[in-house]
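Working notes for the structure below.
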Amino acid sequence: MTTVSIRLDDDMKKELDSMCSEMGMNITTFFMIYAKKALRDRKIPFEVAAPEAFYSDANIEQINKAKQQIKDGKTVVKTIDELEAMEVE
């Protein structure tokens with residue numbers, strides 16, 4: 001057997017201890033189950049995803065809509081002074 005140390009912040013450890021206890025196990029058992037599942041399936045046992053890229057299809061569509069609004073003259077241009085004058089007190 002090998003010992004592996006994992007750093008968790010205090011609150012996370014407390015929550016994980018509590019959750020594991022409710023399931024009738026300890027944190028070591030929790031990580032053993034996790035590791036066995038990952039090794040058996042040869043993948044992380046939950047989805048890991050990066051945030052959507054800025055230039056995603058949905059964002060490109062919004063950028064194109066904004067460009068068309070500018071072409072169509074459907075924009076309002078104000079200076080900072082004009083915007084501040086509009087400020088509600």
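The way I read the labels, and the way they are meant: chains A, B, ... in the order of the structure tokens, residue 1 as the first residue of every chain, and ligand 1 as the first ligand shown, with later ones counted on from there.
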
Practice prompt. For segment 16-20 of chain A, please output as number ranges by chain all residues within 9 Å (counting only C-alpha atoms; exclusion window: fewer than 6 positions along the same chain).
Written response: A: 26-27, 29-30

List every residue of segment 2-83 of chain A that DSSP, applied to the backbone, labels as alpha helix (DSSP H), and write the result as a tab-separated table (two decimals) with N, CA and C atoms, in the first residue's frame.
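Listing of result_31.tsv after writing:
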chain	number	residue	atom	x	y	z
A	10	ASP	N	-10.34	23.51	4.62
A	10	ASP	CA	-11.01	22.97	5.81
A	10	ASP	C	-12.50	22.74	5.59
A	11	ASP	N	-13.18	23.71	4.96
A	11	ASP	CA	-14.62	23.57	4.75
A	11	ASP	C	-14.94	22.41	3.82
A	12	MET	N	-14.15	22.26	2.75
A	12	MET	CA	-14.39	21.16	1.82
A	12	MET	C	-14.20	19.82	2.51
A	13	LYS	N	-13.16	19.70	3.30
A	13	LYS	CA	-12.91	18.44	4.01
A	13	LYS	C	-14.05	18.12	4.96
A	14	LYS	N	-14.52	19.15	5.67
A	14	LYS	CA	-15.62	18.95	6.61
A	14	LYS	C	-16.88	18.48	5.88
A	15	GLU	N	-17.19	19.11	4.74
A	15	GLU	CA	-18.36	18.72	3.96
A	15	GLU	C	-18.21	17.31	3.40
A	16	LEU	N	-17.01	17.00	2.90
A	16	LEU	CA	-16.77	15.67	2.34
A	16	LEU	C	-16.84	14.60	3.43
A	17	ASP	N	-16.27	14.88	4.59
A	17	ASP	CA	-16.37	13.97	5.73
A	17	ASP	C	-17.83	13.68	6.05
A	18	SER	N	-18.62	14.74	6.11
A	18	SER	CA	-20.03	14.61	6.46
A	18	SER	C	-20.78	13.80	5.41
A	19	MET	N	-20.56	14.10	4.13
A	19	MET	CA	-21.23	13.38	3.05
A	19	MET	C	-20.84	11.90	3.08
A	20	CYS	N	-19.56	11.63	3.23
A	20	CYS	CA	-19.09	10.24	3.27
A	20	CYS	C	-19.69	9.50	4.45
A	21	SER	N	-19.74	10.17	5.58
A	21	SER	CA	-20.31	9.56	6.78
A	21	SER	C	-21.78	9.18	6.55
A	22	GLU	N	-22.53	10.06	5.88
A	22	GLU	CA	-23.93	9.78	5.57
A	22	GLU	C	-24.05	8.55	4.67
A	27	ILE	N	-13.37	9.21	3.94
A	27	ILE	CA	-12.80	9.85	2.76
A	27	ILE	C	-11.87	8.90	2.00
A	28	THR	N	-11.13	8.06	2.71
A	28	THR	CA	-10.25	7.11	2.04
A	28	THR	C	-11.05	6.18	1.14
A	29	THR	N	-12.16	5.67	1.65
A	29	THR	CA	-13.03	4.79	0.85
A	29	THR	C	-13.59	5.54	-0.35
A	30	PHE	N	-13.99	6.79	-0.13
A	30	PHE	CA	-14.51	7.63	-1.22
A	30	PHE	C	-13.49	7.72	-2.36
A	31	PHE	N	-12.23	8.03	-2.03
A	31	PHE	CA	-11.21	8.16	-3.06
A	31	PHE	C	-10.84	6.81	-3.68
A	32	MET	N	-10.92	5.74	-2.92
A	32	MET	CA	-10.67	4.41	-3.49
A	32	MET	C	-11.75	4.07	-4.52
A	33	ILE	N	-13.01	4.35	-4.20
A	33	ILE	CA	-14.11	4.10	-5.14
A	33	ILE	C	-13.90	4.92	-6.41
A	34	TYR	N	-13.56	6.20	-6.22
A	34	TYR	CA	-13.32	7.10	-7.35
A	34	TYR	C	-12.19	6.57	-8.23
A	35	ALA	N	-11.07	6.18	-7.63
A	35	ALA	CA	-9.91	5.69	-8.38
A	35	ALA	C	-10.23	4.40	-9.12
A	36	LYS	N	-10.93	3.48	-8.45
A	36	LYS	CA	-11.28	2.21	-9.10
A	36	LYS	C	-12.20	2.43	-10.29
A	37	LYS	N	-13.16	3.33	-10.14
A	37	LYS	CA	-14.07	3.66	-11.25
A	37	LYS	C	-13.30	4.27	-12.41
A	38	ALA	N	-12.41	5.21	-12.13
A	38	ALA	CA	-11.61	5.85	-13.18
A	38	ALA	C	-10.75	4.82	-13.90
A	39	LEU	N	-10.13	3.92	-13.17
A	39	LEU	CA	-9.26	2.92	-13.77
A	39	LEU	C	-10.07	1.89	-14.58
A	40	ARG	N	-11.21	1.49	-14.04
A	40	ARG	CA	-12.04	0.51	-14.74
A	40	ARG	C	-12.55	1.06	-16.07
A	41	ASP	N	-13.01	2.33	-16.06
A	41	ASP	CA	-13.60	2.94	-17.26
A	41	ASP	C	-12.56	3.63	-18.14
A	57	ASP	N	-20.03	29.33	-31.96
A	57	ASP	CA	-21.05	29.64	-32.97
A	57	ASP	C	-22.08	30.63	-32.44
A	58	ALA	N	-22.51	30.44	-31.19
A	58	ALA	CA	-23.52	31.34	-30.61
A	58	ALA	C	-22.98	32.76	-30.48
A	59	ASN	N	-21.72	32.90	-30.05
A	59	ASN	CA	-21.15	34.25	-29.91
A	59	ASN	C	-20.92	34.90	-31.26
A	60	ILE	N	-20.47	34.12	-32.25
A	60	ILE	CA	-20.27	34.66	-33.60
A	60	ILE	C	-21.59	35.18	-34.14
A	61	GLU	N	-22.66	34.45	-33.89
A	61	GLU	CA	-23.99	34.90	-34.34
A	61	GLU	C	-24.35	36.25	-33.71
A	62	GLN	N	-24.10	36.41	-32.41
A	62	GLN	CA	-24.39	37.67	-31.74
A	62	GLN	C	-23.51	38.80	-32.28
A	63	ILE	N	-22.25	38.50	-32.54
A	63	ILE	CA	-21.34	39.52	-33.11
A	63	ILE	C	-21.85	39.96	-34.48
A	64	ASN	N	-22.27	39.00	-35.30
A	64	ASN	CA	-22.79	39.34	-36.63
A	64	ASN	C	-24.06	40.17	-36.55
A	65	LYS	N	-24.93	39.87	-35.59
A	65	LYS	CA	-26.14	40.66	-35.39
A	65	LYS	C	-25.78	42.11	-35.02
A	66	ALA	N	-24.81	42.25	-34.11
A	66	ALA	CA	-24.38	43.59	-33.70
A	66	ALA	C	-23.78	44.35	-34.87
A	67	LYS	N	-22.97	43.67	-35.70
A	67	LYS	CA	-22.39	44.32	-36.87
A	67	LYS	C	-23.47	44.80	-37.83
A	68	GLN	N	-24.52	43.96	-38.00
A	68	GLN	CA	-25.62	44.35	-38.89
A	68	GLN	C	-26.38	45.55	-38.33
A	69	GLN	N	-26.58	45.59	-37.01
A	69	GLN	CA	-27.25	46.74	-36.40
A	69	GLN	C	-26.45	48.01	-36.64
A	70	ILE	N	-25.14	47.93	-36.56
A	70	ILE	CA	-24.29	49.10	-36.82
A	70	ILE	C	-24.44	49.51	-38.28
A	71	LYS	N	-24.40	48.55	-39.20
A	71	LYS	CA	-24.57	48.86	-40.63
A	71	LYS	C	-25.91	49.52	-40.90
A	80	ILE	N	-19.44	60.42	-22.82
A	80	ILE	CA	-19.51	60.21	-21.37
A	80	ILE	C	-20.28	61.36	-20.73
A	81	ASP	N	-20.01	62.58	-21.15
A	81	ASP	CA	-20.72	63.74	-20.58
A	81	ASP	C	-22.22	63.62	-20.81
A	82	GLU	N	-22.63	63.19	-21.99
A	82	GLU	CA	-24.06	63.03	-22.28
A	82	GLU	C	-24.68	61.92	-21.42
A	83	LEU	N	-23.96	60.84	-21.24
A	83	LEU	CA	-24.46	59.75	-20.40
A	83	LEU	C	-24.58	60.18	-18.95
